[in-house]
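Novice: One structure, as structure tokens, below. Some questions next.
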Amino acid sequence: MNFQLIGVNHKTAPVEVREKFNIPESRIPEALRHLQAHPGVDGGIILCTCNRVEILAQTTNGSADLRSFLGRHFQLDTKLYSEHLYELREQEAVRHVFRVASSLDSMVVGEPQILGQVKEAYATARALGAVQPHLEQLMTRAFAVAKRVRTETAIGSSSVSVASVAVDLAKKIFGSLKGKHVYLVGAGKMSELAARHLLSNGAASIFVANRTHERAVELAQKFDGEAILFEQLYETCDRADIVITSTGAPHAIFQPEHGALFLSRRKNRPMFFIDIAVPRNVSPEMNDLDGIFVYDIDDLQQAVSSNVADRRKEAEHAERIINSEMERFQARLQTLEVVPTIVSLQDHFETIRQAEIDRVRGRLGELSSEQERALDTLTRGIINKIMHTPMRTLKTAAREPEATTLIDVVRRLFNLENKNETKSGGAAGGS
Amino acid sequence: MALLWLRVALVCYTVGLLYALVALTRASSWLERVALHAAYLGMVFQFVSLTEGFRLSGQFSLASAHSAESVLAFLIMAIFMIVYLIYKTTSPGIVIFPVVFLLVFVACTGEQAFMRMLPGMREGWLIAHITLIFAGYAALILSFGSSLIYLLQERSLKSKKAGGMLAQLPALEVLDQMSFRLLLFGFPFMTLGLIAGVIVEEATYGRVAYLDPKFLLSILMWAVYLLLLYTRWSAGWRGRRAAYLATGAFAAAVIAWAANYFSAIHRFVRS
């Protein structure tokens with residue numbers, strides 16, 4: 001199969017190195033053409049994201065010099081970067097492709113974007129005709145593996161950022177965020193981020209109150225929301241379902257009595273307070289009120305780290321899936337090598353049979369259609385009997401490492417190579 | 001044969017019971033699927049059992065206690081399935097499956113006569129009375145169930161330790177809406193059922209015994225039910241308070257049912 005892979009990623013190289021190898025999207029086709037023109041390379045795929053640059057190549061004999069390709073393409077001395085570059089071959093390259101597509105090699109394990117990026121890289125290479133059959137097999141398998149990992153493990157199901165954990169919690173309380181109102185108390189970067197997440201998950205509108213009103217107006221404009229004077233905070237707060245606090249107030253600005261007031265105005269509809277300020281803006285006793293849920297920055301961060309731990313556990317399960325898929329892929333590739341041989345062997349015998357029948361046909365004189373059929377069945381039967389054992393042997397051998405040698409022998413014995421080449425010029429007679 | 005089918009149904013519901021027990025400790029979508037299909041099957045067998053009982057006895061099949069419980073269980077399952085179709089969640093099953101299992105189990109073992117037909121009893125009204133009241137009970141039990149799950153979910157959110165099967169529970173607002181809708185759904189059944197009961201009594205005895213414990217307790221249950229609806233609707237009571245009230249209504253319903261054993265006019269047991 002002869003797969004070779006070379007690359008740098010976030011684990012082996014800092015960003016200063018990674019950017020040296022970066023290929024802008026518009027120039028990938030050009031790089032692919034260079035790659036294909038490189039000695040020993042039959043085809044390849046180039047994956048370039050902010051965390052990795054990888055070149056996967058299918059080579060003629062498994063020993064193409066990919067380092068020199070990098071050196072030539074980027075006009076740099078690869079020796080300087082040898083500690084950052086990794087090179088993988090065959091099995092290891094296959095495993096790596098599976099792991100990358102399944103997001104096991106990502107900075108945030110389980111993040112979903114990488115699969116799309118790999119698919120895009122594949123599509124680009126395919127459009128340029130740089131994807132050979134074996135590479136094609138590898139990539140389709142990699143996508144299937146990634147899908148299996150996603151459905152059979154919970155690797156991508158938990159949120160691993162504070163903002164997305166906040167969204168998850170809001171959904172646990174409100175179901176859908178549709179029509180829910182968000183109130184930003186204090187206009188920090190973090191609360192802005194959380195608000196953006198909530199809005200993109202369907203929240204209806206945003207209110208902003210800030211000590212410096214100008215900043216509130218500015219932020220409200222950004223989200224098409226409504227700025228409210230800080231003095232009117234307590235009168236207006238019950239309009240919101242989700243309150244995000246991030247003011248620099250030295251003491252809690254929301255006390256249980258405020259909470260009770262909001263609840264009675266809201267007919268007890270629940271409220272969710274996300275307190276990302278330190279010191280805290282929301283008194284923790286508020287959490288004891290029925291229908292009010294208070295999460296401070298520590299609670300959120302704890303949820304994040306427990307989710308990260310969960311992902312790590314799921315990643316182990318995913319590695320097991322990849323191991324079993326590796327074996328299956330291996331077996332598949334080898335059968336793939338056997339199939340064309342079997343087909344040309346069959347063709348070969350069929351040609352002989354036809355030629356022999358044509359030869360004796362004249363001598364036999366007039367034949368009834370029944371005799372005609374008997375002749376056909378007889379010759380066919382002989383060939384099938386002869387073919388039976390070699391074919392079975394080939395098929396079983398496909399799963400063993402010796403397959404290639406065996407295929408070689410069969411092809412040489414029956415001179416199958418030449419046949420394939422001359423096929424277009426008409427069959428060369430058999431006997 | 002009716003009893004045999006009922007036992008088969010019981011076996012199916014056992015899977016549901018198992019799901020309910022396991023679901024409290026960890027999430028298993030596989031078991032959830034199996035339990036749901038087993039429940040479908042169980043309902044089919046139970047339906048066969050009920051119709052066969054009806055056909056054999058030649059009269060309304062509620063005439064024996066074991067089918068009474070069976071009918072109630074069947075109605076609960078039917079409403080559970082409706083809830084599932086709307087909300088795509090089996091979580092009320094955590095409460096419902098054990099209840100249904102218990103009811104069917106009792107139905108399988110006991111074979112008491114349910115109610116004797118007295119001369120002059122109007123069969124049509126009796127059937128209406130029992131079915132309507134049972135539909136009301138079923139909705140009440142399911143509403144109670146989703147209130148309990150609301151409490152579970154609320155507690156997990158408050159304690160800030162999400163995970164395990166609690167991660168699979170529906171959102172609080174969804175549970176709240178579910179239990180309120182179930183209450184709304186059950187109330188007309190309960191009301192009409194009680195009216196039908198009064199009509200049966202009137203027709204049978206020629207008068208209505210307003211001081212009979214069964215009558216009083218039924219009115220009490222109905223009043224608690226109404227109160228439950230009212231507080232939810234006007235003050236938006238939910239969560240713990242709503243769950244307590246639902247427990248109250250449920251308890252009143254159980255007592256009203258138990259009143260059969262000391263009521264002069266409304267007897268299950270052949271004296």
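Naming scheme: A, B, ... for chains in displayed order of the structure tokens; residues 1 onward per chain; ligands 1 onward as shown.
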May I have the residues of chain B within 6 Å of chain A, counting only C-alpha atoms, written as a list in words?
Specialist: Ala171, Leu172, Glu173, Ala235 and Gly236 of chain B
Novice: Could you tell me, as a ChimeraX atom specification, which residues of region 47-196 of chain A DSSP assigns to alpha helix (DSSP H) when given the backbone?
Specialist: /A:66-74,90-101,113-127,133-152,162-174,189-196
Novice: What does the distance between CA of Arg380 (chain A) and CA of Val338 (chain A) come to in Å, to one decimal place?
Specialist: 22.7 Å
Novice: Just the residues within 7 Å of Pro92 (chain B), please, counting only C-alpha atoms, with nothing from its chain fewer than 4 positions along; format it as a VMD selection string.
Specialist: chain B and resid 96 142 145 to 146
Novice: Could you write those residues out with all heavy atoms, as a CSV table (one decimal), in the first residue's frame?
Specialist:
```csv
chain,number,residue,atom,x,y,z
B,96,ILE,N,-43.4,5.4,36.4
B,96,ILE,CA,-44.6,4.8,35.9
B,96,ILE,C,-44.4,3.2,35.8
B,96,ILE,O,-45.3,2.5,36.2
B,96,ILE,CB,-44.9,5.3,34.5
B,96,ILE,CG1,-45.4,6.8,34.7
B,96,ILE,CG2,-46.0,4.5,33.8
B,96,ILE,CD1,-46.3,7.0,35.8
B,142,LEU,N,-49.3,10.0,36.2
B,142,LEU,CA,-48.2,10.4,35.4
B,142,LEU,C,-47.7,11.8,35.7
B,142,LEU,O,-46.5,12.1,35.7
B,142,LEU,CB,-48.7,10.3,33.9
B,142,LEU,CG,-48.3,9.0,33.2
B,142,LEU,CD1,-49.3,8.7,32.2
B,142,LEU,CD2,-46.9,9.1,32.6
B,145,GLY,N,-45.7,11.5,38.6
B,145,GLY,CA,-44.4,11.0,38.2
B,145,GLY,C,-43.5,12.0,37.6
B,145,GLY,O,-42.3,12.2,38.0
B,146,SER,N,-44.0,12.9,36.7
B,146,SER,CA,-43.1,13.9,36.2
B,146,SER,C,-42.8,14.9,37.2
B,146,SER,O,-41.7,15.5,37.1
B,146,SER,CB,-43.7,14.4,34.9
B,146,SER,OG,-45.0,14.8,35.0
```
Novice: Of the candidates B:Leu17, B:Leu183, B:Val22, B:Val198, which one gets nearest to Arg232 (chain B) if we count only C-alpha atoms?
Specialist: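 Checking each of B:Leu17, B:Leu183, B:Val22, B:Val198 against Arg232 (chain B), counting only C-alpha atoms, the winner is B:Leu183.
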Novice: Just to confirm, what's the straight-line distance from CA of His317 (chain A) to CA of Cys50 (chain A) in Å (one decimal)?
Specialist: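 Interatomic distance, CA of His317 (chain A) to CA of Cys50 (chain A): 26.7 Å.
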Novice: Name the residues of region 144-298 of chain A that come out as strand (DSSP E) in a backbone DSSP run; write them as a list of chain:residue names.
Specialist: A:His181, A:Val182, A:Tyr183, A:Leu184, A:Val185, A:Ser205, A:Ile206, A:Phe207, A:Val208, A:Ala209, A:Asn210, A:Glu226, A:Ala227, A:Ile228, A:Leu229, A:Ile242, A:Val243, A:Ile244, A:Thr245, A:Met271, A:Phe272, A:Phe273, A:Ile274, A:Asp275, A:Ile292, A:Phe293, A:Val294, A:Tyr295, A:Asp296
Novice: Tell me which of A:Val108, A:Ile322, A:Leu375, A:Val53 sits closest to Ser158 (chain A), counting only C-alpha atoms.
Specialist: A:Val108
Novice: One decimal, in Å: what's the spacing between CA of Leu364 (chain A) and CA of Phe349 (chain A)?
Specialist: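 CA of Phe349 (chain A) lies at a distance of 22.3 Å from CA of Leu364 (chain A).
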Novice: Considering only C-alpha atoms, state which residue in the set B:Leu148, B:Leu126, B:Leu72, B:Met77 is at the smallest distance from Arg240 (chain B).
Specialist: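 Going through B:Leu148, B:Leu126, B:Leu72, B:Met77 one by one, the smallest distance to Arg240 (chain B) is for B:Leu148.
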Novice: Got a sec: who's within 12 Å of Trp5 (chain B), counting only C-alpha atoms, leaving out chain neighbours fewer than 6 positions off, as a ChimeraX atom specification?
Specialist: /B:11-12,41-53,70,104,107-108
